[in-house]
file entry-v7.pdb (PDB, C-alpha atoms, pLDDT in the B column)
MODEL        1
ATOM      1  CA  MET A   1     -31.473   5.735 -96.750  1.00 40.00           C
ATOM      2  CA  PRO A   2     -29.308   8.129 -94.684  1.00 45.00           C
ATOM      3  CA  ARG A   3     -28.834  11.628 -95.999  1.00 45.00           C
ATOM      4  CA  LYS A   4     -25.329  12.511 -97.114  1.00 46.00           C
ATOM      5  CA  GLU A   5     -23.741  15.338 -95.133  1.00 47.00           C
ATOM      6  CA  ASN A   6     -22.747  17.281 -98.222  1.00 54.00           C
ATOM      7  CA  THR A   7     -26.356  17.472 -99.386  1.00 61.00           C
ATOM      8  CA  ILE A   8     -27.771  19.322 -96.370  1.00 77.00           C
ATOM      9  CA  ASN A   9     -29.858  22.345 -97.144  1.00 91.00           C
ATOM     10  CA  ILE A  10     -27.578  25.043 -95.764  1.00 93.00           C
ATOM     11  CA  PRO A  11     -30.105  27.922 -95.916  1.00 94.00           C
ATOM     12  CA  HIS A  12     -32.629  25.768 -94.046  1.00 95.00           C
ATOM     13  CA  ARG A  13     -30.041  24.677 -91.467  1.00 95.00           C
ATOM     14  CA  LEU A  14     -28.919  28.282 -90.998  1.00 96.00           C
ATOM     15  CA  HIS A  15     -32.541  29.331 -90.462  1.00 96.00           C
ATOM     16  CA  THR A  16     -32.978  26.529 -87.903  1.00 96.00           C
ATOM     17  CA  ALA A  17     -29.777  27.545 -86.115  1.00 96.00           C
ATOM     18  CA  LEU A  18     -30.856  31.166 -85.993  1.00 94.00           C
ATOM     19  CA  ALA A  19     -34.218  30.150 -84.487  1.00 96.00           C
ATOM     20  CA  HIS A  20     -32.363  28.223 -81.759  1.00 96.00           C
ATOM     21  CA  HIS A  21     -30.009  31.150 -81.235  1.00 95.00           C
ATOM     22  CA  GLN A  22     -32.821  33.686 -80.896  1.00 94.00           C
ATOM     23  CA  ALA A  23     -34.624  31.380 -78.453  1.00 95.00           C
ATOM     24  CA  GLY A  24     -31.523  31.262 -76.244  1.00 93.00           C
ATOM     25  CA  ARG A  25     -30.549  27.720 -77.191  1.00 94.00           C
ATOM     26  CA  THR A  26     -26.987  28.657 -78.113  1.00 94.00           C
ATOM     27  CA  GLY A  27     -25.678  25.113 -77.749  1.00 95.00           C
ATOM     28  CA  GLU A  28     -28.026  23.838 -80.447  1.00 96.00           C
ATOM     29  CA  ALA A  29     -27.322  26.862 -82.623  1.00 96.00           C
ATOM     30  CA  LYS A  30     -23.557  26.478 -82.307  1.00 97.00           C
ATOM     31  CA  ALA A  31     -23.741  22.822 -83.272  1.00 97.00           C
ATOM     32  CA  ILE A  32     -25.570  23.694 -86.488  1.00 97.00           C
ATOM     33  CA  TYR A  33     -23.262  26.625 -87.287  1.00 97.00           C
ATOM     34  CA  ARG A  34     -20.313  24.243 -86.883  1.00 97.00           C
ATOM     35  CA  GLU A  35     -22.057  21.647 -89.071  1.00 96.00           C
ATOM     36  CA  ILE A  36     -22.379  24.273 -91.807  1.00 96.00           C
ATOM     37  CA  LEU A  37     -18.751  25.326 -91.365  1.00 97.00           C
ATOM     38  CA  GLN A  38     -17.617  21.698 -91.711  1.00 96.00           C
ATOM     39  CA  LEU A  39     -19.100  21.739 -95.202  1.00 94.00           C
ATOM     40  CA  MET A  40     -18.337  25.356 -96.074  1.00 95.00           C
ATOM     41  CA  PRO A  41     -15.522  26.686 -93.852  1.00 96.00           C
ATOM     42  CA  ALA A  42     -15.821  30.171 -95.317  1.00 95.00           C
ATOM     43  CA  HIS A  43     -19.601  30.578 -94.933  1.00 97.00           C
ATOM     44  CA  PRO A  44     -19.779  34.217 -93.745  1.00 98.00           C
ATOM     45  CA  ASP A  45     -23.156  34.032 -92.002  1.00 97.00           C
ATOM     46  CA  ALA A  46     -22.257  30.872 -90.091  1.00 97.00           C
ATOM     47  CA  LEU A  47     -18.914  32.415 -89.070  1.00 98.00           C
ATOM     48  CA  HIS A  48     -20.615  35.631 -87.945  1.00 98.00           C
ATOM     49  CA  LEU A  49     -23.419  33.945 -86.038  1.00 98.00           C
ATOM     50  CA  LEU A  50     -21.117  31.430 -84.361  1.00 98.00           C
ATOM     51  CA  GLY A  51     -18.985  34.396 -83.323  1.00 98.00           C
ATOM     52  CA  MET A  52     -22.024  36.106 -81.841  1.00 97.00           C
ATOM     53  CA  ALA A  53     -22.951  32.924 -79.956  1.00 97.00           C
ATOM     54  CA  LEU A  54     -19.424  32.701 -78.543  1.00 97.00           C
ATOM     55  CA  HIS A  55     -19.644  36.348 -77.506  1.00 96.00           C
ATOM     56  CA  GLN A  56     -22.889  35.657 -75.654  1.00 93.00           C
ATOM     57  CA  GLU A  57     -21.065  32.934 -73.744  1.00 93.00           C
ATOM     58  CA  GLY A  58     -18.192  35.281 -72.865  1.00 93.00           C
ATOM     59  CA  ASP A  59     -15.606  34.052 -75.376  1.00 96.00           C
ATOM     60  CA  ILE A  60     -14.529  37.472 -76.647  1.00 96.00           C
ATOM     61  CA  HIS A  61     -11.368  36.226 -78.382  1.00 96.00           C
ATOM     62  CA  GLY A  62     -13.265  33.494 -80.241  1.00 97.00           C
ATOM     63  CA  ALA A  63     -16.024  35.928 -81.190  1.00 97.00           C
ATOM     64  CA  VAL A  64     -13.611  38.511 -82.588  1.00 98.00           C
ATOM     65  CA  LYS A  65     -11.708  35.863 -84.544  1.00 98.00           C
ATOM     66  CA  LEU A  66     -14.827  34.424 -86.193  1.00 98.00           C
ATOM     67  CA  ILE A  67     -16.510  37.748 -86.942  1.00 98.00           C
ATOM     68  CA  ARG A  68     -13.285  39.045 -88.483  1.00 98.00           C
ATOM     69  CA  LYS A  69     -13.206  35.926 -90.710  1.00 98.00           C
ATOM     70  CA  ALA A  70     -16.816  36.631 -91.701  1.00 98.00           C
ATOM     71  CA  ILE A  71     -15.857  40.201 -92.615  1.00 98.00           C
ATOM     72  CA  LYS A  72     -12.977  38.926 -94.773  1.00 98.00           C
ATOM     73  CA  LYS A  73     -15.447  36.719 -96.649  1.00 97.00           C
ATOM     74  CA  ASN A  74     -18.118  39.418 -96.907  1.00 97.00           C
ATOM     75  CA  PRO A  75     -16.615  42.882 -96.364  1.00 97.00           C
ATOM     76  CA  ALA A  76     -19.807  44.534 -97.642  1.00 98.00           C
ATOM     77  CA  SER A  77     -21.905  43.574 -94.592  1.00 98.00           C
ATOM     78  CA  PRO A  78     -22.521  46.522 -92.258  1.00 98.00           C
ATOM     79  CA  ILE A  79     -24.142  44.117 -89.788  1.00 98.00           C
ATOM     80  CA  PHE A  80     -20.876  42.213 -89.373  1.00 98.00           C
ATOM     81  CA  TYR A  81     -18.981  45.432 -88.600  1.00 98.00           C
ATOM     82  CA  ASN A  82     -21.717  46.658 -86.265  1.00 98.00           C
ATOM     83  CA  ASN A  83     -21.768  43.401 -84.321  1.00 98.00           C
ATOM     84  CA  LEU A  84     -17.982  43.254 -84.094  1.00 98.00           C
ATOM     85  CA  GLY A  85     -18.201  46.793 -82.729  1.00 98.00           C
ATOM     86  CA  GLU A  86     -20.651  45.553 -80.105  1.00 97.00           C
ATOM     87  CA  VAL A  87     -18.274  42.779 -79.069  1.00 98.00           C
ATOM     88  CA  TYR A  88     -15.543  45.385 -78.616  1.00 98.00           C
ATOM     89  CA  ARG A  89     -17.851  47.902 -76.875  1.00 97.00           C
ATOM     90  CA  LEU A  90     -19.145  45.371 -74.385  1.00 94.00           C
ATOM     91  CA  SER A  91     -15.572  44.349 -73.596  1.00 95.00           C
ATOM     92  CA  LYS A  92     -14.684  48.052 -73.167  1.00 96.00           C
ATOM     93  CA  HIS A  93     -12.376  48.254 -76.199  1.00 97.00           C
ATOM     94  CA  TYR A  94     -13.959  51.537 -77.244  1.00 98.00           C
ATOM     95  CA  LYS A  95     -11.421  52.601 -79.878  1.00 98.00           C
ATOM     96  CA  ASN A  96     -11.834  49.291 -81.719  1.00 98.00           C
ATOM     97  CA  ALA A  97     -15.606  49.523 -81.352  1.00 98.00           C
ATOM     98  CA  LEU A  98     -15.729  53.003 -82.891  1.00 98.00           C
ATOM     99  CA  GLY A  99     -13.539  51.836 -85.779  1.00 98.00           C
ATOM    100  CA  CYS A 100     -15.956  49.003 -86.532  1.00 98.00           C
ATOM    101  CA  TYR A 101     -18.971  51.286 -86.268  1.00 98.00           C
ATOM    102  CA  ARG A 102     -17.371  53.752 -88.684  1.00 98.00           C
ATOM    103  CA  GLU A 103     -16.879  50.925 -91.181  1.00 98.00           C
ATOM    104  CA  ALA A 104     -20.532  49.944 -90.787  1.00 98.00           C
ATOM    105  CA  LEU A 105     -21.618  53.538 -91.445  1.00 98.00           C
ATOM    106  CA  LYS A 106     -19.432  53.747 -94.554  1.00 98.00           C
ATOM    107  CA  LEU A 107     -21.431  50.836 -95.925  1.00 98.00           C
ATOM    108  CA  LYS A 108     -24.809  51.972 -94.597  1.00 98.00           C
ATOM    109  CA  PRO A 109     -24.900  55.632 -93.490  1.00 98.00           C
ATOM    110  CA  ASP A 110     -28.524  55.339 -92.360  1.00 97.00           C
ATOM    111  CA  PHE A 111     -27.866  52.398 -90.002  1.00 98.00           C
ATOM    112  CA  ALA A 112     -29.808  53.549 -86.946  1.00 98.00           C
ATOM    113  CA  GLU A 113     -28.539  50.724 -84.729  1.00 98.00           C
ATOM    114  CA  THR A 114     -24.944  51.713 -85.382  1.00 98.00           C
ATOM    115  CA  HIS A 115     -25.645  55.332 -84.439  1.00 98.00           C
ATOM    116  CA  LYS A 116     -27.287  54.085 -81.240  1.00 98.00           C
ATOM    117  CA  ASN A 117     -24.235  51.929 -80.494  1.00 98.00           C
ATOM    118  CA  ILE A 118     -21.867  54.854 -81.107  1.00 98.00           C
ATOM    119  CA  GLY A 119     -24.018  56.869 -78.724  1.00 98.00           C
ATOM    120  CA  SER A 120     -23.546  54.117 -76.149  1.00 97.00           C
ATOM    121  CA  VAL A 121     -19.757  54.264 -76.530  1.00 98.00           C
ATOM    122  CA  TYR A 122     -19.734  58.025 -76.074  1.00 98.00           C
ATOM    123  CA  LYS A 123     -22.035  57.764 -73.063  1.00 96.00           C
ATOM    124  CA  GLU A 124     -19.749  55.167 -71.492  1.00 96.00           C
ATOM    125  CA  THR A 125     -16.678  57.332 -72.134  1.00 97.00           C
ATOM    126  CA  GLY A 126     -18.301  60.481 -70.743  1.00 96.00           C
ATOM    127  CA  GLU A 127     -18.617  62.306 -74.058  1.00 97.00           C
ATOM    128  CA  PHE A 128     -22.240  63.207 -73.480  1.00 96.00           C
ATOM    129  CA  GLN A 129     -22.835  65.664 -76.312  1.00 96.00           C
ATOM    130  CA  LEU A 130     -21.505  63.187 -78.867  1.00 98.00           C
ATOM    131  CA  ALA A 131     -23.689  60.495 -77.261  1.00 98.00           C
ATOM    132  CA  ILE A 132     -26.740  62.752 -77.521  1.00 97.00           C
ATOM    133  CA  ASP A 133     -25.962  63.595 -81.145  1.00 98.00           C
ATOM    134  CA  HIS A 134     -25.705  59.949 -82.192  1.00 98.00           C
ATOM    135  CA  LEU A 135     -28.731  58.829 -80.217  1.00 98.00           C
ATOM    136  CA  LYS A 136     -30.788  61.624 -81.766  1.00 97.00           C
ATOM    137  CA  LYS A 137     -29.494  60.586 -85.202  1.00 98.00           C
ATOM    138  CA  ALA A 138     -30.611  57.001 -84.535  1.00 98.00           C
ATOM    139  CA  ILE A 139     -34.072  58.225 -83.566  1.00 97.00           C
ATOM    140  CA  ALA A 140     -34.274  60.526 -86.590  1.00 97.00           C
ATOM    141  CA  LEU A 141     -33.473  57.564 -88.826  1.00 97.00           C
ATOM    142  CA  ARG A 142     -35.932  55.274 -87.055  1.00 96.00           C
ATOM    143  CA  PRO A 143     -38.465  57.253 -84.998  1.00 91.00           C
ATOM    144  CA  ALA A 144     -39.970  54.141 -83.397  1.00 89.00           C
ATOM    145  CA  TYR A 145     -36.572  52.975 -82.115  1.00 95.00           C
ATOM    146  CA  ALA A 146     -37.566  52.412 -78.490  1.00 95.00           C
ATOM    147  CA  ASP A 147     -34.099  51.306 -77.338  1.00 96.00           C
ATOM    148  CA  ALA A 148     -32.484  54.524 -78.626  1.00 96.00           C
ATOM    149  CA  CYS A 149     -35.275  56.633 -77.097  1.00 96.00           C
ATOM    150  CA  TYR A 150     -34.853  54.867 -73.759  1.00 96.00           C
ATOM    151  CA  SER A 151     -31.056  55.269 -73.879  1.00 96.00           C
ATOM    152  CA  LEU A 152     -31.390  58.968 -74.607  1.00 96.00           C
ATOM    153  CA  GLY A 153     -33.939  59.314 -71.802  1.00 96.00           C
ATOM    154  CA  ASN A 154     -31.488  57.644 -69.412  1.00 95.00           C
ATOM    155  CA  LEU A 155     -28.697  59.933 -70.538  1.00 96.00           C
ATOM    156  CA  PHE A 156     -30.813  63.041 -69.959  1.00 96.00           C
ATOM    157  CA  GLN A 157     -31.953  61.645 -66.594  1.00 95.00           C
ATOM    158  CA  GLU A 158     -28.330  61.137 -65.526  1.00 93.00           C
ATOM    159  CA  GLN A 159     -27.548  64.709 -66.582  1.00 92.00           C
ATOM    160  CA  GLY A 160     -30.430  66.054 -64.463  1.00 94.00           C
ATOM    161  CA  MET A 161     -32.449  67.089 -67.506  1.00 95.00           C
ATOM    162  CA  GLN A 162     -35.772  65.674 -66.324  1.00 95.00           C
ATOM    163  CA  LYS A 163     -38.030  67.276 -68.923  1.00 96.00           C
ATOM    164  CA  ASP A 164     -35.918  65.991 -71.812  1.00 94.00           C
ATOM    165  CA  ALA A 165     -35.677  62.584 -70.151  1.00 93.00           C
ATOM    166  CA  LEU A 166     -39.462  62.337 -69.857  1.00 95.00           C
ATOM    167  CA  THR A 167     -39.887  63.268 -73.510  1.00 93.00           C
ATOM    168  CA  TYR A 168     -37.689  60.381 -74.657  1.00 92.00           C
ATOM    169  CA  TYR A 169     -39.089  57.919 -72.115  1.00 92.00           C
ATOM    170  CA  HIS A 170     -42.543  58.753 -73.423  1.00 92.00           C
ATOM    171  CA  MET A 171     -41.334  58.158 -76.991  1.00 89.00           C
ATOM    172  CA  ALA A 172     -39.812  54.833 -75.959  1.00 89.00           C
ATOM    173  CA  PHE A 173     -43.028  53.549 -74.459  1.00 88.00           C
ATOM    174  CA  THR A 174     -45.457  54.849 -77.071  1.00 86.00           C
ATOM    175  CA  HIS A 175     -43.775  53.463 -80.182  1.00 70.00           C
TER
ENDMDL
END
call {"tool": "encode", "arguments": {"input": "entry-v7.pdb", "output": "structure tokens"}}
result
Amino acid sequence: MPRKENTINIPHRLHTALAHHQAGRTGEAKAIYREILQLMPAHPDALHLLGMALHQEGDIHGAVKLIRKAIKKNPASPIFYNNLGEVYRLSKHYKNALGCYREALKLKPDFAETHKNIGSVYKETGEFQLAIDHLKKAIALRPAYADACYSLGNLFQEQGMQKDALTYYHMAFTH
């Protein structure tokens, strides 16, 4: 007997979609996210993750639209704000990115990834001391955060501060 569409196990389907997404099979993931959204158009996780998949494919407008819808449905998710900030940062809309990151930090002040992302914005805009401050904050919150250590090492390297760069490169590769 065929299974009725409205009886699908949404948490299981979402888990399956996320596994596809993380494995780089965005087409399969998007199909499942859309299947979930057919049944529950306001499902915040499906909206958010479909937005992230669209972003990975270069559809910035579609990504922003869906992640904003996810935020409207679940405004208490710092991850949604952080990821919307990343969409804006990677498309060089730095003011919008910083606004999203600030919202994420209001919800979760100890969100190391958000501090790292703010550091990336400031690095990209040439505000090196602010970049250093936020990258160091990310590392203080999560000492084994290799990506933040590596980013800070790169920043120090670019500034000609070899000794500091080596310290953070070492941290990145030993954690």
call {"tool": "resolve_selection", "arguments": {"input": "entry-v7.pdb", "expression": "the PyMOL selection byres ((chain A and resi 69) around 8)", "output": "VMD selection string"}}
result
chain A and resid 42 44 47 to 48 65 to 68 70 to 73
call {"tool": "atom_distance", "arguments": {"input": "entry-v7.pdb", "atom1": "atom CA of A:Ile132", "atom2": "atom CA of A:Ile79"}}
result
22.5 Å
call {"tool": "resolve_selection", "arguments": {"input": "entry-v7.pdb", "expression": "the PyMOL selection byres ((chain A and resi 135-150) around 9)", "output": "number ranges by chain"}}
result
A: 110-120, 130-134, 151-155, 165, 167-175
call {"tool": "axis_aligned_box", "arguments": {"input": "entry-v7.pdb", "around": "stretch 53-68 of chain A", "padding_each_side": "3 Å", "output": "lines of an AutoDock Vina configuration file"}}
result
center_x = -17.2
center_y = 35.9
center_z = -80.7
size_x = 17.6
size_y = 12.3
size_z = 21.6
call {"tool": "residues_around", "arguments": {"input": "entry-v7.pdb", "residues": "A:Leu90", "least_positions_apart": "2", "cutoff": "12 Å", "atoms": "only C-alpha atoms", "output": "PyMOL selection string"}}
result
chain A and resi 55-56+58-60+83-88+92-98+117-118+120-121+124
call {"tool": "closest_residue", "arguments": {"input": "entry-v7.pdb", "among": "A:Leu107, A:Ala31, A:Ala23, A:Ile36", "to": "A:Asn9", "atoms": "all atoms listed in the file"}}
result
A:Ile36
call {"tool": "resolve_selection", "arguments": {"input": "entry-v7.pdb", "expression": "the PyMOL selection byres ((chain A and resi 32) around 10)", "output": "list in words"}}
result
Ile10, Arg13, Leu14, His15, Thr16, Ala17, Leu18, His20, Thr26, Gly27, Glu28, Ala29, Lys30, Ala31, Tyr33, Arg34, Glu35, Ile36, Leu37, Gln38, Ala46 and Leu50 of chain A
call {"tool": "atom_distance", "arguments": {"input": "entry-v7.pdb", "atom1": "atom CA of A:Ala104", "atom2": "atom CA of A:Ser77"}}
result
7.5 Å
call {"tool": "decode", "arguments": {"input": "entry-v7.pdb", "residues": "stretch 22-54 of chain A", "atoms": "N, CA, C and O atoms", "output": "PDB file, in the first residue's frame"}}
result
ATOM      1  N   GLN A  22      25.290  17.593   3.387  1.00  0.00           N
ATOM      2  CA  GLN A  22      26.657  17.566   3.905  1.00  0.00           C
ATOM      3  C   GLN A  22      27.591  16.750   3.011  1.00  0.00           C
ATOM      4  O   GLN A  22      28.791  16.996   3.002  1.00  0.00           O
ATOM      5  N   ALA A  23      27.052  15.813   2.273  1.00  0.00           N
ATOM      6  CA  ALA A  23      27.851  14.996   1.356  1.00  0.00           C
ATOM      7  C   ALA A  23      28.009  15.671  -0.006  1.00  0.00           C
ATOM      8  O   ALA A  23      28.614  15.087  -0.914  1.00  0.00           O
ATOM      9  N   GLY A  24      27.453  16.872  -0.162  1.00  0.00           N
ATOM     10  CA  GLY A  24      27.580  17.591  -1.419  1.00  0.00           C
ATOM     11  C   GLY A  24      26.536  17.241  -2.457  1.00  0.00           C
ATOM     12  O   GLY A  24      26.634  17.682  -3.600  1.00  0.00           O
ATOM     13  N   ARG A  25      25.542  16.480  -2.064  1.00  0.00           N
ATOM     14  CA  ARG A  25      24.461  16.107  -2.988  1.00  0.00           C
ATOM     15  C   ARG A  25      23.305  17.095  -2.795  1.00  0.00           C
ATOM     16  O   ARG A  25      22.237  16.745  -2.292  1.00  0.00           O
ATOM     17  N   THR A  26      23.543  18.341  -3.203  1.00  0.00           N
ATOM     18  CA  THR A  26      22.548  19.386  -2.941  1.00  0.00           C
ATOM     19  C   THR A  26      21.250  19.165  -3.701  1.00  0.00           C
ATOM     20  O   THR A  26      20.190  19.545  -3.221  1.00  0.00           O
ATOM     21  N   GLY A  27      21.316  18.561  -4.869  1.00  0.00           N
ATOM     22  CA  GLY A  27      20.092  18.298  -5.622  1.00  0.00           C
ATOM     23  C   GLY A  27      19.140  17.397  -4.844  1.00  0.00           C
ATOM     24  O   GLY A  27      17.945  17.693  -4.735  1.00  0.00           O
ATOM     25  N   GLU A  28      19.683  16.309  -4.299  1.00  0.00           N
ATOM     26  CA  GLU A  28      18.870  15.398  -3.499  1.00  0.00           C
ATOM     27  C   GLU A  28      18.355  16.092  -2.242  1.00  0.00           C
ATOM     28  O   GLU A  28      17.192  15.928  -1.860  1.00  0.00           O
ATOM     29  N   ALA A  29      19.219  16.852  -1.607  1.00  0.00           N
ATOM     30  CA  ALA A  29      18.825  17.568  -0.390  1.00  0.00           C
ATOM     31  C   ALA A  29      17.711  18.560  -0.691  1.00  0.00           C
ATOM     32  O   ALA A  29      16.696  18.600   0.025  1.00  0.00           O
ATOM     33  N   LYS A  30      17.870  19.343  -1.748  1.00  0.00           N
ATOM     34  CA  LYS A  30      16.849  20.330  -2.088  1.00  0.00           C
ATOM     35  C   LYS A  30      15.509  19.671  -2.366  1.00  0.00           C
ATOM     36  O   LYS A  30      14.464  20.205  -1.971  1.00  0.00           O
ATOM     37  N   ALA A  31      15.517  18.557  -3.030  1.00  0.00           N
ATOM     38  CA  ALA A  31      14.258  17.862  -3.326  1.00  0.00           C
ATOM     39  C   ALA A  31      13.539  17.482  -2.030  1.00  0.00           C
ATOM     40  O   ALA A  31      12.313  17.638  -1.920  1.00  0.00           O
ATOM     41  N   ILE A  32      14.275  17.003  -1.052  1.00  0.00           N
ATOM     42  CA  ILE A  32      13.649  16.623   0.216  1.00  0.00           C
ATOM     43  C   ILE A  32      13.204  17.854   0.995  1.00  0.00           C
ATOM     44  O   ILE A  32      12.109  17.864   1.574  1.00  0.00           O
ATOM     45  N   TYR A  33      14.021  18.905   1.019  1.00  0.00           N
ATOM     46  CA  TYR A  33      13.597  20.140   1.694  1.00  0.00           C
ATOM     47  C   TYR A  33      12.284  20.637   1.081  1.00  0.00           C
ATOM     48  O   TYR A  33      11.366  21.044   1.803  1.00  0.00           O
ATOM     49  N   ARG A  34      12.200  20.597  -0.236  1.00  0.00           N
ATOM     50  CA  ARG A  34      10.970  21.054  -0.913  1.00  0.00           C
ATOM     51  C   ARG A  34       9.789  20.130  -0.606  1.00  0.00           C
ATOM     52  O   ARG A  34       8.657  20.591  -0.465  1.00  0.00           O
ATOM     53  N   GLU A  35      10.056  18.841  -0.494  1.00  0.00           N
ATOM     54  CA  GLU A  35       9.011  17.878  -0.113  1.00  0.00           C
ATOM     55  C   GLU A  35       8.457  18.245   1.268  1.00  0.00           C
ATOM     56  O   GLU A  35       7.238  18.263   1.476  1.00  0.00           O
ATOM     57  N   ILE A  36       9.341  18.541   2.188  1.00  0.00           N
ATOM     58  CA  ILE A  36       8.918  18.940   3.540  1.00  0.00           C
ATOM     59  C   ILE A  36       8.115  20.231   3.473  1.00  0.00           C
ATOM     60  O   ILE A  36       7.062  20.361   4.108  1.00  0.00           O
ATOM     61  N   LEU A  37       8.588  21.187   2.686  1.00  0.00           N
ATOM     62  CA  LEU A  37       7.907  22.482   2.590  1.00  0.00           C
ATOM     63  C   LEU A  37       6.556  22.380   1.883  1.00  0.00           C
ATOM     64  O   LEU A  37       5.681  23.219   2.116  1.00  0.00           O
ATOM     65  N   GLN A  38       6.366  21.360   1.054  1.00  0.00           N
ATOM     66  CA  GLN A  38       5.041  21.133   0.462  1.00  0.00           C
ATOM     67  C   GLN A  38       4.035  20.795   1.556  1.00  0.00           C
ATOM     68  O   GLN A  38       2.884  21.214   1.498  1.00  0.00           O
ATOM     69  N   LEU A  39       4.482  20.039   2.535  1.00  0.00           N
ATOM     70  CA  LEU A  39       3.606  19.631   3.636  1.00  0.00           C
ATOM     71  C   LEU A  39       3.518  20.684   4.734  1.00  0.00           C
ATOM     72  O   LEU A  39       2.464  20.856   5.343  1.00  0.00           O
ATOM     73  N   MET A  40       4.624  21.334   4.998  1.00  0.00           N
ATOM     74  CA  MET A  40       4.700  22.343   6.062  1.00  0.00           C
ATOM     75  C   MET A  40       5.442  23.559   5.517  1.00  0.00           C
ATOM     76  O   MET A  40       6.654  23.693   5.710  1.00  0.00           O
ATOM     77  N   PRO A  41       4.752  24.459   4.834  1.00  0.00           N
ATOM     78  CA  PRO A  41       5.407  25.595   4.177  1.00  0.00           C
ATOM     79  C   PRO A  41       6.195  26.515   5.111  1.00  0.00           C
ATOM     80  O   PRO A  41       7.065  27.250   4.649  1.00  0.00           O
ATOM     81  N   ALA A  42       5.917  26.450   6.388  1.00  0.00           N
ATOM     82  CA  ALA A  42       6.600  27.329   7.331  1.00  0.00           C
ATOM     83  C   ALA A  42       7.638  26.586   8.173  1.00  0.00           C
ATOM     84  O   ALA A  42       8.070  27.083   9.201  1.00  0.00           O
ATOM     85  N   HIS A  43       8.075  25.410   7.737  1.00  0.00           N
ATOM     86  CA  HIS A  43       9.044  24.640   8.513  1.00  0.00           C
ATOM     87  C   HIS A  43      10.381  25.394   8.519  1.00  0.00           C
ATOM     88  O   HIS A  43      11.062  25.485   7.491  1.00  0.00           O
ATOM     89  N   PRO A  44      10.781  25.960   9.672  1.00  0.00           N
ATOM     90  CA  PRO A  44      11.957  26.836   9.691  1.00  0.00           C
ATOM     91  C   PRO A  44      13.264  26.146   9.289  1.00  0.00           C
ATOM     92  O   PRO A  44      14.068  26.736   8.566  1.00  0.00           O
ATOM     93  N   ASP A  45      13.472  24.916   9.723  1.00  0.00           N
ATOM     94  CA  ASP A  45      14.724  24.244   9.375  1.00  0.00           C
ATOM     95  C   ASP A  45      14.799  23.931   7.885  1.00  0.00           C
ATOM     96  O   ASP A  45      15.858  24.095   7.259  1.00  0.00           O
ATOM     97  N   ALA A  46      13.696  23.502   7.299  1.00  0.00           N
ATOM     98  CA  ALA A  46      13.687  23.226   5.863  1.00  0.00           C
ATOM     99  C   ALA A  46      13.894  24.515   5.065  1.00  0.00           C
ATOM    100  O   ALA A  46      14.634  24.521   4.066  1.00  0.00           O
ATOM    101  N   LEU A  47      13.264  25.605   5.499  1.00  0.00           N
ATOM    102  CA  LEU A  47      13.472  26.900   4.838  1.00  0.00           C
ATOM    103  C   LEU A  47      14.941  27.309   4.902  1.00  0.00           C
ATOM    104  O   LEU A  47      15.542  27.699   3.895  1.00  0.00           O
ATOM    105  N   HIS A  48      15.506  27.236   6.101  1.00  0.00           N
ATOM    106  CA  HIS A  48      16.897  27.633   6.331  1.00  0.00           C
ATOM    107  C   HIS A  48      17.849  26.790   5.491  1.00  0.00           C
ATOM    108  O   HIS A  48      18.722  27.312   4.789  1.00  0.00           O
ATOM    109  N   LEU A  49      17.687  25.483   5.558  1.00  0.00           N
ATOM    110  CA  LEU A  49      18.622  24.597   4.866  1.00  0.00           C
ATOM    111  C   LEU A  49      18.467  24.671   3.344  1.00  0.00           C
ATOM    112  O   LEU A  49      19.466  24.610   2.614  1.00  0.00           O
ATOM    113  N   LEU A  50      17.251  24.847   2.863  1.00  0.00           N
ATOM    114  CA  LEU A  50      17.070  25.051   1.428  1.00  0.00           C
ATOM    115  C   LEU A  50      17.737  26.366   1.021  1.00  0.00           C
ATOM    116  O   LEU A  50      18.397  26.440  -0.023  1.00  0.00           O
ATOM    117  N   GLY A  51      17.611  27.377   1.854  1.00  0.00           N
ATOM    118  CA  GLY A  51      18.302  28.640   1.582  1.00  0.00           C
ATOM    119  C   GLY A  51      19.813  28.461   1.514  1.00  0.00           C
ATOM    120  O   GLY A  51      20.477  29.007   0.624  1.00  0.00           O
ATOM    121  N   MET A  52      20.355  27.680   2.424  1.00  0.00           N
ATOM    122  CA  MET A  52      21.799  27.440   2.407  1.00  0.00           C
ATOM    123  C   MET A  52      22.212  26.669   1.146  1.00  0.00           C
ATOM    124  O   MET A  52      23.254  26.945   0.557  1.00  0.00           O
ATOM    125  N   ALA A  53      21.382  25.713   0.730  1.00  0.00           N
ATOM    126  CA  ALA A  53      21.685  24.968  -0.495  1.00  0.00           C
ATOM    127  C   ALA A  53      21.665  25.898  -1.712  1.00  0.00           C
ATOM    128  O   ALA A  53      22.548  25.826  -2.577  1.00  0.00           O
ATOM    129  N   LEU A  54      20.682  26.789  -1.752  1.00  0.00           N
ATOM    130  CA  LEU A  54      20.624  27.754  -2.861  1.00  0.00           C
ATOM    131  C   LEU A  54      21.855  28.652  -2.853  1.00  0.00           C
ATOM    132  O   LEU A  54      22.422  28.962  -3.909  1.00  0.00           O
TER     133      LEU A  54
END
